[in-house]
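> So I've got this file, data19.txt, and it contains compact mmCIF, C-alpha atoms (C1' of nucleotides):
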```
# COMPACT_ATOMS: atom_id res chain seq x y z
CA MET A 94 42.44 74.26 2.44
CA SER A 95 40.46 71.08 2.04
CA ASP A 96 42.00 70.10 5.37
CA ASP A 97 39.36 72.01 7.21
CA ARG A 98 36.64 70.34 5.18
CA LEU A 99 37.95 66.89 6.02
CA SER A 100 38.15 67.80 9.70
CA ARG A 101 34.54 68.90 9.70
CA VAL A 102 33.35 65.72 8.00
CA PHE A 103 35.20 63.44 10.41
CA ALA A 104 34.00 65.48 13.37
CA ALA A 105 30.44 65.37 12.10
CA LEU A 106 30.50 61.58 11.91
CA ALA A 107 32.14 61.23 15.31
CA ASP A 108 28.71 61.56 16.93
CA PRO A 109 26.51 58.43 17.08
CA THR A 110 23.29 60.40 16.66
CA ARG A 111 24.63 62.14 13.58
CA ARG A 112 25.84 58.83 12.13
CA ASP A 113 22.36 57.46 12.70
CA ILE A 114 20.87 60.46 10.94
CA VAL A 115 23.16 59.79 7.99
CA ARG A 116 22.12 56.17 8.03
CA ARG A 117 18.46 57.14 7.84
CA LEU A 118 19.00 59.81 5.22
CA ALA A 119 20.68 57.21 3.04
CA VAL A 120 17.29 55.53 2.89
CA GLY A 121 15.43 58.71 2.01
CA ASP A 122 15.11 62.44 2.61
CA ALA A 123 13.42 63.61 5.80
CA GLY A 124 12.51 66.75 7.70
CA VAL A 125 13.96 67.67 11.08
CA GLY A 126 10.80 66.62 12.89
CA GLU A 127 10.82 63.16 11.38
CA LEU A 128 14.50 62.81 12.08
CA ALA A 129 14.04 63.86 15.70
CA ALA A 130 11.20 61.44 16.45
CA PRO A 131 13.24 58.31 17.36
CA TYR A 132 15.66 60.11 19.66
CA ASP A 133 14.77 61.31 23.12
CA VAL A 134 16.44 64.66 22.75
CA SER A 135 14.83 67.98 21.91
CA LEU A 136 13.98 69.03 18.37
CA GLN A 137 16.48 71.86 18.71
CA ALA A 138 19.27 69.43 19.48
CA VAL A 139 18.51 67.49 16.31
CA SER A 140 18.32 70.75 14.39
CA LYS A 141 21.85 71.50 15.59
CA HIS A 142 23.02 68.06 14.52
CA VAL A 143 21.58 68.60 11.08
CA ARG A 144 23.33 71.95 10.86
CA VAL A 145 26.65 70.30 11.68
CA LEU A 146 26.09 67.74 8.95
CA GLU A 147 25.11 70.52 6.58
CA GLU A 148 28.22 72.58 7.31
CA ALA A 149 30.31 69.47 6.76
CA GLY A 150 28.74 69.21 3.32
CA LEU A 151 27.14 65.88 4.15
CA VAL A 152 23.56 67.06 3.74
CA SER A 153 21.83 69.74 1.73
CA ARG A 154 18.42 71.21 2.38
CA SER A 155 15.52 72.57 0.41
CA ARG A 156 12.09 74.02 1.13
CA ASP A 157 8.75 72.29 0.94
CA ALA A 158 6.10 74.49 2.55
CA GLN A 159 7.12 74.74 6.24
CA ARG A 160 9.37 71.71 5.99
CA ARG A 161 13.10 71.78 5.35
CA PRO A 162 13.86 68.34 3.92
CA CYS A 163 17.38 67.00 4.49
CA HIS A 164 19.12 65.30 1.63
CA LEU A 165 22.25 63.17 1.96
CA GLU A 166 25.15 64.28 -0.23
CA PRO A 167 27.30 61.21 -0.91
CA GLU A 168 30.22 62.94 -2.59
CA VAL A 169 31.78 64.01 0.69
CA LEU A 170 31.65 60.44 1.92
CA ASP A 171 33.68 59.59 -1.14
CA LEU A 172 36.23 62.22 -0.13
CA MET A 173 36.67 60.51 3.23
CA THR A 174 36.97 57.08 1.72
CA LYS A 175 39.71 58.30 -0.57
CA TRP A 176 41.66 59.77 2.34
CA ILE A 177 41.33 56.65 4.48
CA GLU A 178 42.05 54.15 1.74
CA ARG A 179 45.17 55.99 0.72
CA TYR A 180 46.89 55.45 4.03
CA ARG A 181 45.37 52.08 4.75
CA GLN A 182 46.72 50.72 1.48
CA GLN A 183 50.06 52.36 2.06
CA ALA A 184 50.33 50.80 5.51
CA GLU A 185 49.25 47.37 4.38
CA GLU A 186 51.63 47.48 1.47
CA ARG A 187 54.41 48.24 3.91
CA PHE A 188 53.40 45.27 6.06
CA SER A 189 53.46 43.02 3.03
CA ARG A 190 57.00 44.09 2.30
CA LEU A 191 57.87 43.47 5.94
CA ASP A 192 56.35 40.03 5.70
CA GLY A 193 58.54 39.46 2.67
CA VAL A 194 61.63 40.44 4.62
CA LEU A 195 60.70 38.16 7.49
CA ALA A 196 60.10 35.28 5.09
CA GLU A 197 63.48 35.99 3.55
CA LEU A 198 65.09 35.82 6.99
CA ASP A 199 63.45 32.46 7.55
CA GLN A 200 64.77 30.96 4.32
CA PRO A 201 67.82 32.98 3.18
CA GLU A 202 67.55 31.87 -0.47
CA PRO A 203 64.04 32.86 -1.56
CA LEU A 204 64.52 32.85 -5.33
CA GLY A 205 67.44 32.92 -7.75
CA GLU A 206 69.04 36.26 -6.73
CA GLU A 207 72.13 35.43 -8.77
CA GLY A 208 74.47 37.46 -6.57
CA ALA A 209 74.39 34.34 -4.40
CA ALA A 210 74.94 34.25 -0.63
CA SER A 211 76.76 30.93 -0.76
CA MET B 77 28.79 48.15 21.02
CA SER B 78 31.10 48.90 18.13
CA ASP B 79 29.33 52.24 18.02
CA ASP B 80 31.64 53.66 20.61
CA ARG B 81 34.68 52.37 18.75
CA LEU B 82 33.53 54.00 15.54
CA SER B 83 32.92 57.28 17.35
CA ARG B 84 36.42 57.27 18.76
CA VAL B 85 38.00 56.55 15.37
CA PHE B 86 36.10 59.33 13.61
CA ALA B 87 36.84 61.74 16.45
CA ALA B 88 40.51 60.80 16.37
CA LEU B 89 40.76 61.61 12.67
CA ALA B 90 38.83 64.86 13.04
CA ASP B 91 42.06 66.58 14.11
CA PRO B 92 44.46 67.70 11.35
CA THR B 93 47.55 67.01 13.46
CA ARG B 94 46.39 63.50 14.20
CA ARG B 95 45.57 62.89 10.55
CA ASP B 96 49.08 64.03 9.70
CA ILE B 97 50.50 61.66 12.29
CA VAL B 98 48.54 58.84 10.68
CA ARG B 99 49.84 59.89 7.28
CA ARG B 100 53.41 59.72 8.52
CA LEU B 101 52.92 56.45 10.37
CA ALA B 102 51.65 54.91 7.16
CA VAL B 103 55.18 55.45 5.83
CA GLY B 104 56.85 53.88 8.84
CA ASP B 105 56.85 53.52 12.61
CA ALA B 106 58.13 56.40 14.71
CA GLY B 107 58.63 57.48 18.32
CA VAL B 108 56.81 60.38 19.93
CA GLY B 109 59.86 62.61 19.68
CA GLU B 110 60.24 62.07 15.96
CA LEU B 111 56.54 62.59 15.45
CA ALA B 112 56.58 65.83 17.42
CA ALA B 113 59.50 67.39 15.55
CA PRO B 114 57.62 68.95 12.60
CA TYR B 115 54.86 70.51 14.68
CA ASP B 116 55.32 73.61 16.76
CA VAL B 117 53.45 72.26 19.76
CA SER B 118 54.92 70.69 22.86
CA LEU B 119 56.03 67.09 23.02
CA GLN B 120 53.34 66.47 25.62
CA ALA B 121 50.65 67.65 23.26
CA VAL B 122 51.82 65.17 20.64
CA SER B 123 51.96 62.47 23.29
CA LYS B 124 48.30 63.18 23.99
CA HIS B 125 47.46 62.97 20.31
CA VAL B 126 49.17 59.61 20.08
CA ARG B 127 47.21 58.40 23.07
CA VAL B 128 43.95 59.39 21.40
CA LEU B 129 44.96 57.47 18.28
CA GLU B 130 45.94 54.52 20.44
CA GLU B 131 42.63 54.48 22.31
CA ALA B 132 40.84 54.61 18.97
CA GLY B 133 42.74 51.46 18.00
CA LEU B 134 44.50 53.25 15.16
CA VAL B 135 48.01 52.79 16.53
CA SER B 136 49.69 50.25 18.77
CA ARG B 137 52.92 50.75 20.65
CA SER B 138 55.89 48.71 21.76
CA ARG B 139 59.10 49.29 23.68
CA ASP B 140 62.58 49.83 22.29
CA ALA B 141 64.87 51.00 25.08
CA GLN B 142 63.45 54.35 26.19
CA ARG B 143 61.48 54.76 23.00
CA ARG B 144 57.83 53.85 22.51
CA PRO B 145 57.51 53.32 18.77
CA CYS B 146 54.08 53.97 17.27
CA HIS B 147 52.74 51.54 14.74
CA LEU B 148 49.76 52.20 12.46
CA GLU B 149 47.00 49.59 12.68
CA PRO B 150 45.16 49.58 9.33
CA GLU B 151 42.29 47.30 10.31
CA VAL B 152 40.37 50.07 12.03
CA LEU B 153 40.65 52.20 8.90
CA ASP B 154 39.00 49.34 7.11
CA LEU B 155 36.17 49.42 9.65
CA MET B 156 35.56 53.09 8.82
CA THR B 157 35.65 52.51 5.09
CA LYS B 158 33.06 49.78 5.41
CA TRP B 159 30.75 52.04 7.40
CA ILE B 160 31.07 54.94 4.98
CA GLU B 161 30.81 52.92 1.80
CA ARG B 162 27.69 51.20 3.03
CA TYR B 163 25.69 54.42 3.19
CA ARG B 164 27.38 56.11 0.27
CA GLN B 165 26.45 53.23 -2.00
CA GLN B 166 22.95 53.09 -0.57
CA ALA B 167 22.45 56.80 -1.21
CA GLU B 168 23.89 56.68 -4.70
CA GLU B 169 21.78 53.68 -5.56
CA ARG B 170 18.73 55.61 -4.46
CA PHE B 171 19.73 58.55 -6.66
CA SER B 172 20.15 56.23 -9.61
CA ARG B 173 16.62 54.98 -9.09
CA LEU B 174 15.47 58.60 -8.85
CA ASP B 175 17.27 59.40 -12.07
CA GLY B 176 15.47 56.47 -13.63
CA VAL B 177 12.12 57.84 -12.52
CA LEU B 178 12.95 61.29 -13.87
CA ALA B 179 14.05 59.82 -17.18
CA GLU B 180 10.79 57.89 -17.32
CA LEU B 181 8.86 61.11 -16.74
CA ASP B 182 10.74 62.71 -19.61
CA GLN B 183 9.97 59.98 -22.10
CA PRO B 184 6.95 57.99 -20.89
CA GLU B 185 7.85 54.94 -23.00
CA PRO B 186 11.36 53.94 -21.88
CA LEU B 187 11.46 50.37 -23.22
CA GLY B 188 8.94 47.81 -24.34
CA GLU B 189 6.70 47.73 -21.25
CA GLU B 190 4.13 45.66 -23.13
CA GLY B 191 1.17 47.15 -21.23
CA ALA B 192 1.52 49.88 -23.85
CA ALA B 193 0.41 53.50 -23.45
CA SER B 194 -0.43 53.85 -27.12
C1' DC C 35 75.31 55.73 41.57
C1' DT C 36 74.74 59.46 38.41
C1' DA C 37 73.65 61.73 34.36
C1' DG C 38 71.06 61.85 30.21
C1' DT C 39 67.34 60.73 26.94
C1' DG C 40 62.59 59.73 25.73
C1' DT C 41 58.11 59.85 27.32
C1' DT C 42 54.31 60.30 30.47
C1' DC C 43 51.60 62.37 34.46
C1' DA C 44 49.29 66.23 36.71
C1' DA C 45 47.33 70.56 37.12
C1' DC C 46 45.57 74.14 34.84
C1' DC C 47 43.37 77.25 31.15
C1' DA C 48 40.63 78.56 27.03
C1' DT C 49 37.58 77.10 23.81
C1' DG C 50 34.29 73.92 21.66
C1' DT C 51 30.35 70.81 21.89
C1' DG C 52 25.90 68.53 23.08
C1' DG C 53 22.27 69.33 25.69
C1' DT C 54 18.53 72.18 27.72
C1' DT C 55 14.56 75.89 27.68
C1' DG C 56 12.08 79.90 25.87
C1' DA C 57 11.28 83.10 22.38
C1' DC C 58 10.92 83.86 17.62
C1' DC C 59 10.27 83.35 12.35
C1' DA C 60 7.96 81.23 8.16
C1' DA C 61 4.30 79.15 5.61
C1' DG C 62 -0.41 77.28 5.20
C1' DG C 63 -5.26 76.35 6.73
C1' DC C 64 -9.21 78.46 8.02
C1' DG D 277 -6.41 88.39 10.10
C1' DC D 278 -5.35 84.43 13.35
C1' DC D 279 -3.65 80.11 14.83
C1' DT D 280 -1.23 75.83 14.01
C1' DT D 281 2.74 73.48 12.25
C1' DG D 282 7.76 73.03 11.34
C1' DG D 283 11.97 74.82 12.36
C1' DT D 284 15.51 78.14 13.98
C1' DC D 285 17.84 81.57 17.18
C1' DA D 286 19.68 82.81 21.68
C1' DA D 287 21.26 82.22 26.17
C1' DC D 288 22.83 79.15 29.20
C1' DC D 289 25.10 74.84 31.51
C1' DA D 290 28.15 70.70 32.05
C1' DC D 291 31.68 68.52 30.22
C1' DA D 292 35.26 67.21 26.72
C1' DT D 293 39.30 68.65 24.19
C1' DG D 294 43.74 70.80 22.77
C1' DG D 295 47.02 73.42 24.50
C1' DT D 296 50.41 74.85 28.12
C1' DT D 297 54.20 74.08 31.99
C1' DG D 298 56.68 71.51 35.49
C1' DA D 299 57.55 67.34 37.76
C1' DA D 300 58.13 62.48 37.49
C1' DC D 301 59.03 57.96 35.45
C1' DA D 302 61.71 54.41 32.53
C1' DC D 303 65.43 52.98 30.73
C1' DT D 304 70.61 53.33 29.02
C1' DA D 305 75.33 54.71 29.32
C1' DG D 306 79.23 56.01 31.91
```
As structure tokens - that is how I would like this structure written.

Amino acid sequence: MSDDRLSRVFAALADPTRRDIVRRLAVGDAGVGELAAPYDVSLQAVSKHVRVLEEAGLVSRSRDAQRRPCHLEPEVLDLMTKWIERYRQQAEERFSRLDGVLAELDQPEPLGEEGAAS
Amino acid sequence: MSDDRLSRVFAALADPTRRDIVRRLAVGDAGVGELAAPYDVSLQAVSKHVRVLEEAGLVSRSRDAQRRPCHLEPEVLDLMTKWIERYRQQAEERFSRLDGVLAELDQPEPLGEEGAAS
DNA sequence: CTAGTGTTCAACCATGTGGTTGACCAAGGC
DNA sequence: GCCTTGGTCAACCACATGGTTGAACACTAG
């Protein structure tokens, strides 16, 4: 069930702090301490945020001495984009058709539909 | 602060039921009753879900007799896509550069860098 | 006016989430 | 071995969220 995965990714990005972490990780990998520095919350809180991002598949982690560098995993972002774009395009396509219908109502003879509504 | 808006949209789509509602609204508008039918939760629960989507700016509503048809608003989806793509591309670009560096380490003379390491 | 249909409001409950603090584990530096 | 550095685990708290039920509202049809 990739449904659960999608839910976790959306939920992970629903938090402004976590979105900011993602934004910074897009620039380059970082340890929890570095990530925590700009925010005025405890290190543990940031550690939790990172764990949420990790469980959503958005970041992976490795070891470097005592540090646990966080690494942004862009594939999951692609998964989201695909989901969103699918329905956005579908909806906009529908609106285009609706616009067509409205235009047709404005001027009842749009083209040369030979059936003719004389 | 569009930050708050973005948080609400992501949070709204973090729920599978709400994502399914969005999926169905992409096909066409629907009232709360119709939306609720397939799910085995109460009508009130679905009404709440719709409200969340509405407050996130994902759906708008009108009146049609007693019914309150829900209408998918694709612009906000576009907002999300822009946010996601921005960092996905940034991250992938960074990885490409990293790949370049690694390739350079493999074969120290990639092109014709005229400084020459003869 | 009355009855019926579609939807929302209100109160409540269980669970999840973001935050805290304090203790603990892991890896190097000395 | 010992202490510092970087990070996690655990218990707890306040509050948000998804769910329920029952009453109320809005609007239409007789």
> For Ala104 (chain A), work out the shell of residues within 7 Å, counting only C-alpha atoms (C1' of nucleotides) and skipping chain neighbours fewer than 2 positions away, then give it as a ChimeraX atom specification.
/A:100-102,106-107 /B:86-87,90
> With distances taken over only C-alpha atoms, which of B:Gly109, B:Pro150, B:Gly133, B:Arg162 is nearest to chain A?
B:Pro150
> I need the chain A residues near chain B as a PyMOL selection string; criterion: at most 12 Å, counting only C-alpha atoms.
chain A and resi 94-122+149+151-152+164-188+190-191
> Find the residues of chain A in contact range of chain D, meaning any atom within 12 Å when counting all atoms listed in the file, and list them as a list in words.
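Here is what falls inside 12 Å: Gly124, Val125, Gly126, Glu127, Ala129, Leu136, Gln137, Ala138, Val139, Ser140, Lys141, Val143, Arg144, Arg156, Asp157, Ala158, Gln159, Arg160, Arg161 and Pro162 of chain A.
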> Go through chain C and flag each residue having an atom no more than 7 Å from chain A; for those, report the closest pair of atoms plus their distance in Å to one decimal, using only C-alpha atoms (C1' of nucleotides), ordered by chain and rising number, as JSON lines.

```
{"residue": "C:DG53", "atom": "C1'", "partner": "A:Ala138", "partner_atom": "CA", "distance": 6.9}
{"residue": "C:DA60", "atom": "C1'", "partner": "A:Gln159", "partner_atom": "CA", "distance": 6.8}
{"residue": "C:DA61", "atom": "C1'", "partner": "A:Gln159", "partner_atom": "CA", "distance": 5.3}
```
> Can you provide chain B as an mmCIF file with C-alpha atoms, in the coordinates of the input, superposed onto chain A by least squares across all C-alpha atoms matched in order?

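New file selection13.cif:
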```cif
data_model
loop_
_atom_site.group_PDB
_atom_site.id
_atom_site.type_symbol
_atom_site.label_atom_id
_atom_site.label_comp_id
_atom_site.auth_asym_id
_atom_site.auth_seq_id
_atom_site.Cartn_x
_atom_site.Cartn_y
_atom_site.Cartn_z
ATOM 1 C CA MET B 77 42.458 74.253 2.394
ATOM 2 C CA SER B 78 40.423 71.084 2.131
ATOM 3 C CA ASP B 79 41.939 70.232 5.489
ATOM 4 C CA ASP B 80 39.263 72.142 7.292
ATOM 5 C CA ARG B 81 36.547 70.448 5.264
ATOM 6 C CA LEU B 82 37.910 67.027 6.112
ATOM 7 C CA SER B 83 38.074 67.935 9.794
ATOM 8 C CA ARG B 84 34.453 68.997 9.797
ATOM 9 C CA VAL B 85 33.306 65.804 8.066
ATOM 10 C CA PHE B 86 35.171 63.529 10.471
ATOM 11 C CA ALA B 87 33.950 65.546 13.448
ATOM 12 C CA ALA B 88 30.391 65.413 12.154
ATOM 13 C CA LEU B 89 30.481 61.624 11.947
ATOM 14 C CA ALA B 90 32.111 61.270 15.359
ATOM 15 C CA ASP B 91 28.664 61.564 16.963
ATOM 16 C CA PRO B 92 26.499 58.413 17.080
ATOM 17 C CA THR B 93 23.260 60.364 16.653
ATOM 18 C CA ARG B 94 24.593 62.112 13.591
ATOM 19 C CA ARG B 95 25.845 58.842 12.141
ATOM 20 C CA ASP B 96 22.372 57.425 12.661
ATOM 21 C CA ILE B 97 20.863 60.427 10.913
ATOM 22 C CA VAL B 98 23.191 59.803 7.985
ATOM 23 C CA ARG B 99 22.190 56.149 7.980
ATOM 24 C CA ARG B 100 18.530 57.085 7.778
ATOM 25 C CA LEU B 101 19.062 59.778 5.167
ATOM 26 C CA ALA B 102 20.782 57.217 2.983
ATOM 27 C CA VAL B 103 17.386 55.499 2.800
ATOM 28 C CA GLY B 104 15.524 58.668 1.905
ATOM 29 C CA ASP B 105 15.144 62.383 2.537
ATOM 30 C CA ALA B 106 13.433 63.519 5.719
ATOM 31 C CA GLY B 107 12.467 66.652 7.643
ATOM 32 C CA VAL B 108 13.880 67.572 11.030
ATOM 33 C CA GLY B 109 10.716 66.478 12.799
ATOM 34 C CA GLU B 110 10.781 63.021 11.277
ATOM 35 C CA LEU B 111 14.465 62.703 12.017
ATOM 36 C CA ALA B 112 13.970 63.721 15.636
ATOM 37 C CA ALA B 113 11.159 61.263 16.354
ATOM 38 C CA PRO B 114 13.224 58.172 17.277
ATOM 39 C CA TYR B 115 15.619 59.981 19.594
ATOM 40 C CA ASP B 116 14.706 61.108 23.064
ATOM 41 C CA VAL B 117 16.338 64.506 22.735
ATOM 42 C CA SER B 118 14.664 67.779 21.883
ATOM 43 C CA LEU B 119 13.817 68.804 18.355
ATOM 44 C CA GLN B 120 16.250 71.692 18.706
ATOM 45 C CA ALA B 121 19.082 69.336 19.498
ATOM 46 C CA VAL B 122 18.391 67.389 16.318
ATOM 47 C CA SER B 123 18.169 70.644 14.398
ATOM 48 C CA LYS B 124 21.669 71.433 15.631
ATOM 49 C CA HIS B 125 22.914 68.028 14.560
ATOM 50 C CA VAL B 126 21.495 68.565 11.100
ATOM 51 C CA ARG B 127 23.207 71.924 10.912
ATOM 52 C CA VAL B 128 26.544 70.329 11.758
ATOM 53 C CA LEU B 129 26.024 67.765 9.003
ATOM 54 C CA GLU B 130 25.041 70.547 6.631
ATOM 55 C CA GLU B 131 28.123 72.630 7.412
ATOM 56 C CA ALA B 132 30.248 69.540 6.850
ATOM 57 C CA GLY B 133 28.706 69.294 3.382
ATOM 58 C CA LEU B 134 27.133 65.941 4.186
ATOM 59 C CA VAL B 135 23.540 67.084 3.746
ATOM 60 C CA SER B 136 21.824 69.774 1.718
ATOM 61 C CA ARG B 137 18.381 71.172 2.360
ATOM 62 C CA SER B 138 15.470 72.535 0.389
ATOM 63 C CA ARG B 139 12.038 73.952 1.120
ATOM 64 C CA ASP B 140 8.697 72.181 0.927
ATOM 65 C CA ALA B 141 6.039 74.352 2.544
ATOM 66 C CA GLN B 142 7.075 74.639 6.193
ATOM 67 C CA ARG B 143 9.341 71.633 5.957
ATOM 68 C CA ARG B 144 13.081 71.713 5.325
ATOM 69 C CA PRO B 145 13.841 68.293 3.877
ATOM 70 C CA CYS B 146 17.354 66.968 4.458
ATOM 71 C CA HIS B 147 19.138 65.304 1.603
ATOM 72 C CA LEU B 148 22.288 63.189 1.946
ATOM 73 C CA GLU B 149 25.196 64.332 -0.225
ATOM 74 C CA PRO B 150 27.382 61.274 -0.918
ATOM 75 C CA GLU B 151 30.293 63.067 -2.564
ATOM 76 C CA VAL B 152 31.803 64.137 0.736
ATOM 77 C CA LEU B 153 31.703 60.538 1.942
ATOM 78 C CA ASP B 154 33.746 59.726 -1.103
ATOM 79 C CA LEU B 155 36.272 62.380 -0.082
ATOM 80 C CA MET B 156 36.691 60.651 3.289
ATOM 81 C CA THR B 157 37.047 57.219 1.755
ATOM 82 C CA LYS B 158 39.785 58.476 -0.522
ATOM 83 C CA TRP B 159 41.691 59.974 2.398
ATOM 84 C CA ILE B 160 41.417 56.847 4.523
ATOM 85 C CA GLU B 161 42.169 54.358 1.784
ATOM 86 C CA ARG B 162 45.258 56.262 0.766
ATOM 87 C CA TYR B 163 46.982 55.721 4.102
ATOM 88 C CA ARG B 164 45.495 52.323 4.797
ATOM 89 C CA GLN B 165 46.877 50.995 1.536
ATOM 90 C CA GLN B 166 50.204 52.699 2.125
ATOM 91 C CA ALA B 167 50.490 51.132 5.573
ATOM 92 C CA GLU B 168 49.447 47.694 4.407
ATOM 93 C CA GLU B 169 51.857 47.850 1.515
ATOM 94 C CA ARG B 170 54.617 48.645 3.962
ATOM 95 C CA PHE B 171 53.642 45.661 6.114
ATOM 96 C CA SER B 172 53.718 43.417 3.078
ATOM 97 C CA ARG B 173 57.255 44.548 2.369
ATOM 98 C CA LEU B 174 58.098 43.904 6.024
ATOM 99 C CA ASP B 175 56.600 40.448 5.775
ATOM 100 C CA GLY B 176 58.773 39.888 2.738
ATOM 101 C CA VAL B 177 61.871 40.867 4.679
ATOM 102 C CA LEU B 178 60.935 38.577 7.559
ATOM 103 C CA ALA B 179 60.312 35.702 5.177
ATOM 104 C CA GLU B 180 63.704 36.359 3.616
ATOM 105 C CA LEU B 181 65.313 36.215 7.054
ATOM 106 C CA ASP B 182 63.638 32.873 7.656
ATOM 107 C CA GLN B 183 64.875 31.280 4.466
ATOM 108 C CA PRO B 184 67.888 33.229 3.173
ATOM 109 C CA GLU B 185 67.452 31.946 -0.394
ATOM 110 C CA PRO B 186 63.926 32.994 -1.419
ATOM 111 C CA LEU B 187 64.240 32.657 -5.205
ATOM 112 C CA GLY B 188 67.051 32.480 -7.700
ATOM 113 C CA GLU B 189 68.944 35.655 -6.749
ATOM 114 C CA GLU B 190 71.850 34.622 -8.966
ATOM 115 C CA GLY B 191 74.468 36.295 -6.743
ATOM 116 C CA ALA B 192 74.198 33.019 -4.836
ATOM 117 C CA ALA B 193 74.984 32.526 -1.143
ATOM 118 C CA SER B 194 76.186 28.980 -1.675
#
```
> Rounded to one decimal, what separation in Å do you get between C1' of DA48 (chain C) and CA of Asp116 (chain B)?
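Taking C1' of DA48 (chain C) as the start and CA of Asp116 (chain B) as the end point, the length is 18.6 Å.
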> Work out how far apart CA of Leu111 (chain B) and CA of Cys146 (chain B) are and give it in Å to one decimal.
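According to the coordinates, CA of Leu111 (chain B) and CA of Cys146 (chain B) are separated by 9.1 Å.
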> How many Å lie between CA of Val145 (chain A) and C1' of DG52 (chain C), rounded to one decimal?
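Separation between CA of Val145 (chain A) and C1' of DG52 (chain C): 11.6 Å.
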